[in-house]
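Before any comments, here is the structure.
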Amino acid sequence: MITGMDRLVAAINGKTSDRIPVFCNLLDQGAKELGVSLKEYYLNGEHVAEAQLRMREKYGYDNVWSLFYVGKEAEVLGCGKIAFANDGPPNVEDFVIKTYDDIEKLQVPDDISGHPAFQEPLKCLRILKREVGGKYPICAYITASMTLPAILMGMDRWMELLLIGPADVRDALLTKCSDFFRKEITAYRNAGADVLVYSNPFGSTDFISMKLFKELSLPWMERDLKPVGSQGVVYYCGSARFNNVIEQVIERLGISVFYLSPMDDIVEGKKIIAGRGLCCGVINDIKLIDWSKEDIRNEVRRMVDQGMPGGRFLFGTLVMPYAIPEENIRAMLEAAYEFGRYGKAE
Amino acid sequence: MLAQVIKAYNEAIFDTDRDRALAVVRQAVDSGVSPEDIIFKVVIPAIELMIKSISENFDANLAQHFMTSQIAAEVTEQMIPRFKKSPEIVGRVVIGNASGDFHGLGKRIVIGCLKALMIDVTDLGLNVPPERFVDEAIAHNAEVIGISSMMVHTARGENGCLKVRQILKGRNLEDTIKIAVGGAPYRFDHELYKIVQADAWAENGITAGKVITDLIREVRK
């Protein structure tokens with residue numbers, strides 16, 4: 001039987017299997033799957049692992065996630081208040097950094113794997129590794145040093161510090177965030193994560209100018225990744241576009257998997273990557289809430305038609321909103337499986 | 001002289017160079033340019049220029065939006081006390097993040113622009129319950145309620161814009177108070193503002209200035 005890992009490895013190596021790899025990022029939907037509230041769901045790593053396995057089995061896509069919610073990283077760094085909703089992802093409610101003095105006080109744990117806030121994700125990872133390790137890629141989500149401050153102090157205050165704040169304070173915070181990144185990626189690798197999604201909206205020129213990208217983002221990304229290597233690392237800027245920095249990311253960081261924005265041009269992205277890595281075309285999944293099945297089918301076909309020629313293509317989603325009807329999730333996946341079959345669409 | 005000031009200020013704004021922008025303003029005032037001209041002929045046209053650039057598909061980034069708005073607000077705050085007579089307020093707005101939403105960047109960009117456009121703006125903060133949006137709008141005599149949402153569930157949820165609309169309807173305030181929405185979900189679904197029953201949406205914090213000004217005019221008509 002061909003597994004998700006077989007499909008992913010084939011696509012990375014420019015080979016074919018039965019179809020293109022399809023990554024579907026269902027997180028909060030796990031609570032619905034188990035019939036519990038989101039708050040209860042995220043309290044226990046066994047819940048998350050069980051739901052991830054069930055949803056992958058039910059829908060047939062190719063990946064599973066160890067990510068609970070983005071604010072988990074803030075919890076490891078001292079955030080004590082997360083706001084849970086009934087219909088969407090939990091959010092950081094209380095920022096760890098309220099004044100610049102708090103930056104000095106910020107403690108990066110020596111041993112992330114032993115940190116209480118990391119225990120449930122670790123439990124989840126161990127179960128995923130035991131059940132589907134080697135068969136289905138296990139994804140982990142790790143925020144880059146340039147972006148992590150946004151969940152520690154709020155996006156607006158980070159933007160202010162970055163653009164007009166004291167450079168020594170900014171760099172002190174970035175150093176701590178980069179140290180945290182290195183420890184976190186190592187902890188995830190040790191626990192069995194295969195696909196390390198390196199999340200960095202500040203690595204996109206939708207967020208900052210090209211000048212700032214070159215002067216700050218690139219050097220800090222190099223600091224993040226140089227000692228730990230880019231093996232298994234996926235370049236991802238949330239929903240922000242990044243086709244125009246791919247060349248520099250390949251040259252300077254050695255990353256070879258690119259998880260585009262739904263707003264990026266897939267054809268252009270593939271042209272820039274030019275066979276040096278895997279291009280992941282990402283659907284605008286917010287539209288999946290209201291699109292008809294025909295709309296969904298047409299959009300998936302359009303994306304696959306653009307991405308499949310020449311191989312090294314993966315079809316993916318962002319973090320799927322909770323409100324997407326199950327039948328629309330199925331419609332998207334069925335279309336991706338159908339149009340993404342090798343030997344048919346090409 | 002003024003043409004040089006405008007050019008130098010616009011260049012500083014597009015380079016996100018706050019110190020240079022403020023220095024341009026300082027030198028201009030020292031050389032005899034009036035505070036009124038600084039606001040109405042330099043700062044506001046710079047915002048309008050960015051709105052025009054964005055509408056013509058110029059890829060302004062978030063940092064440029066942020067700096068344009070923050071510098072504009074800062075200069076406005078410095079210049080208004082020096083005006084010969086107090087400027088006329090264009091309108092009043094209350095703005096906040098939807099219930100459950102803690103992402104304040106977009107709101108902050110909007111607030112900076114509105115201040116420079118001589119709109120009186122009250123920041124209701126993050127995670128604002130729908131009832132409070134309406135109560136504060138009435139208390140401040142606001143023509144527009146601005147609701148910012150970074151996440152799909154806070155944009156579409158029952159305690160977001162939909163509930164604000166329901167309350168406005170229930171209190172018969174729909175003709176006197178309009179709703180503007182903005183944030184990431186609206187950029188990824190341009191029809192979403194209709195689904196959540198807002199009167200208008202803005203693609204980003206800078207264009208929100210124009211969208212909100214238009215709504216104020218509609219109410220005041």
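Residues are named by chain letter and number: chains run A, B, ... in the order of the structure tokens, numbers start at 1 in each chain, and ligands are numbered from 1 in the order shown.
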
Taking only C-alpha atoms into account, what are the residues of chain A at most 6 Å from chain B, put as a PDB file with C-alpha atoms, in the first residue's frame?
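Result file is result.pdb:
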ATOM      1  CA  GLY A  88     -12.102  28.540  16.432  1.00  0.00           C
ATOM      2  CA  MET A 155       1.720  42.137  16.642  1.00  0.00           C
ATOM      3  CA  ASP A 156       1.400  45.922  16.873  1.00  0.00           C
ATOM      4  CA  ASP A 206       3.808  41.499   2.356  1.00  0.00           C
ATOM      5  CA  PHE A 207       4.888  42.265   5.921  1.00  0.00           C
ATOM      6  CA  ILE A 208       8.169  44.112   5.576  1.00  0.00           C
TER       7      ILE A 208
END

Applying 6 Å and only C-alpha atoms, which residues near segment 27-41 of chain B remain after dropping the ones on its own chain fewer than 3 positions away? List them as a PDB file with C-alpha atoms, in the first residue's frame.
ATOM      1  CA  VAL B  24      11.228  66.976   7.374  1.00  0.00           C
ATOM      2  CA  ILE B  44      -3.256  63.775   4.496  1.00  0.00           C
ATOM      3  CA  MET B  79       0.549  70.176  14.844  1.00  0.00           C
TER       4      MET B  79
END

Within 12 Å of Val90 of chain B, counting only C-alpha atoms, which residues qualify if same-chain residues fewer than 2 places away don't, as a PyMOL selection string?
chain B and resi 87-88+92-93+114-121+142-144+209-210+212-217+219-220

Shortest contact to Pro309 of chain A, candidates A:Ile255, A:Ile283, A:Ile20, A:Leu8, atoms counted only C-alpha atoms, goes to A:Ile20

Exercise: Ala83 of chain A partners within 9 Å, only C-alpha atoms, chain neighbours under 2 positions left out, as a PyMOL selection string:
(chain A and resi 81+85+89-94) or (chain B and resi 100)

* To do: Can you pull out every residue within 7 Å of segment 263-274 of chain A, counting only C-alpha atoms, but drop anything in the same chain fewer than 4 positions away, and send it as a list in words?
  =>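 Residues near the query, excluding close chain neighbours: Arg241, Asn243, Ile246, Glu247, Cys279, Gly281, Gln306 and Gly307 of chain A.
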
Distance query segment 168-183 of chain A at most 10 Å, only C-alpha atoms, self and fewer than 6 positions along chain excluded, as a ChimeraX atom specification: /A:73,76-77,100-104,106-113,142-149,152,158,160-162,189,198,216,220-229

Limited to C-alpha atoms, could you put the picked residues into a file as a compact mmCIF listing (two decimals), in the first residue's frame?
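Final output, saved to out.txt:
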# COMPACT_ATOMS: atom_id res chain seq x y z
CA GLU A 73 4.88 28.36 22.20
CA VAL A 76 6.30 27.45 27.09
CA LEU A 77 7.71 30.98 27.41
CA TYR A 100 10.63 46.36 27.42
CA ASP A 101 11.83 45.35 30.91
CA ASP A 102 9.97 42.06 30.48
CA ILE A 103 12.28 41.21 27.58
CA GLU A 104 15.21 41.08 29.94
CA LEU A 106 12.10 36.48 29.54
CA GLN A 107 13.51 33.02 30.25
CA VAL A 108 14.16 30.48 27.51
CA PRO A 109 13.87 27.05 29.17
CA ASP A 110 17.08 25.02 29.04
CA ASP A 111 15.17 21.82 28.42
CA ILE A 112 12.04 22.35 26.37
CA SER A 113 11.25 18.63 26.35
CA ILE A 142 7.77 26.18 14.89
CA THR A 143 7.72 29.96 14.79
CA ALA A 144 10.78 31.80 13.48
CA SER A 145 12.63 34.25 15.71
CA MET A 146 11.44 37.21 13.60
CA THR A 147 7.79 36.29 14.14
CA LEU A 148 7.69 34.75 17.64
CA PRO A 149 7.66 38.20 19.36
CA LEU A 152 4.75 37.31 23.09
CA TRP A 158 6.35 43.99 17.91
CA GLU A 160 6.70 49.15 16.70
CA LEU A 161 9.81 47.70 18.35
CA LEU A 162 11.02 46.28 15.06
CA ARG A 189 13.06 16.28 15.89
CA TYR A 198 9.04 27.12 9.85
CA LEU A 216 17.03 41.58 9.34
CA TRP A 220 17.98 36.06 11.83
CA MET A 221 16.71 33.10 9.83
CA GLU A 222 20.32 32.10 9.27
CA ARG A 223 20.92 32.32 13.00
CA ASP A 224 17.83 30.17 13.64
CA LEU A 225 18.73 27.47 11.18
CA LYS A 226 22.49 27.31 10.74
CA PRO A 227 23.30 25.26 13.85
CA VAL A 228 20.31 22.94 13.46
CA GLY A 229 20.20 22.54 9.67

Shortest contact to Gly134 of chain A, candidates A:Lys293, A:Lys287, A:Arg7, A:Arg341, atoms counted only C-alpha atoms, goes to A:Arg7

For the structure I just gave you, how does DSSP split chain B - specifically, which residues are strand (DSSP E or B)? Reply as a count of residues only. 31

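Of the residues listed (A:Asp18, A:Asp285, A:Asp290, A:Glu299), A:Asp285 shows the shortest atom-to-atom separation from Met320 of chain A; distances use only C-alpha atoms.
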
In Å to one decimal, how far is atom CA of Ile329 of chain A from atom CA of Met303 of chain A?
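Between atom CA of Met303 of chain A and atom CA of Ile329 of chain A the gap works out to 16.1 Å.
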
**Request:** Go through segment 33-201 of chain B and collect every residue that DSSP, computed from the backbone, puts in helix (DSSP H, G or I); the answer should be as a ChimeraX atom specification.
**Result:** /B:35-55,62-82,105-116,130-139,152-156,161-170,184-188,192-195

Atom-to-atom span, atom CA of Ala155 of chain B and atom CA of Val22 of chain A, Å
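These two atoms are separated by 28.0 Å.
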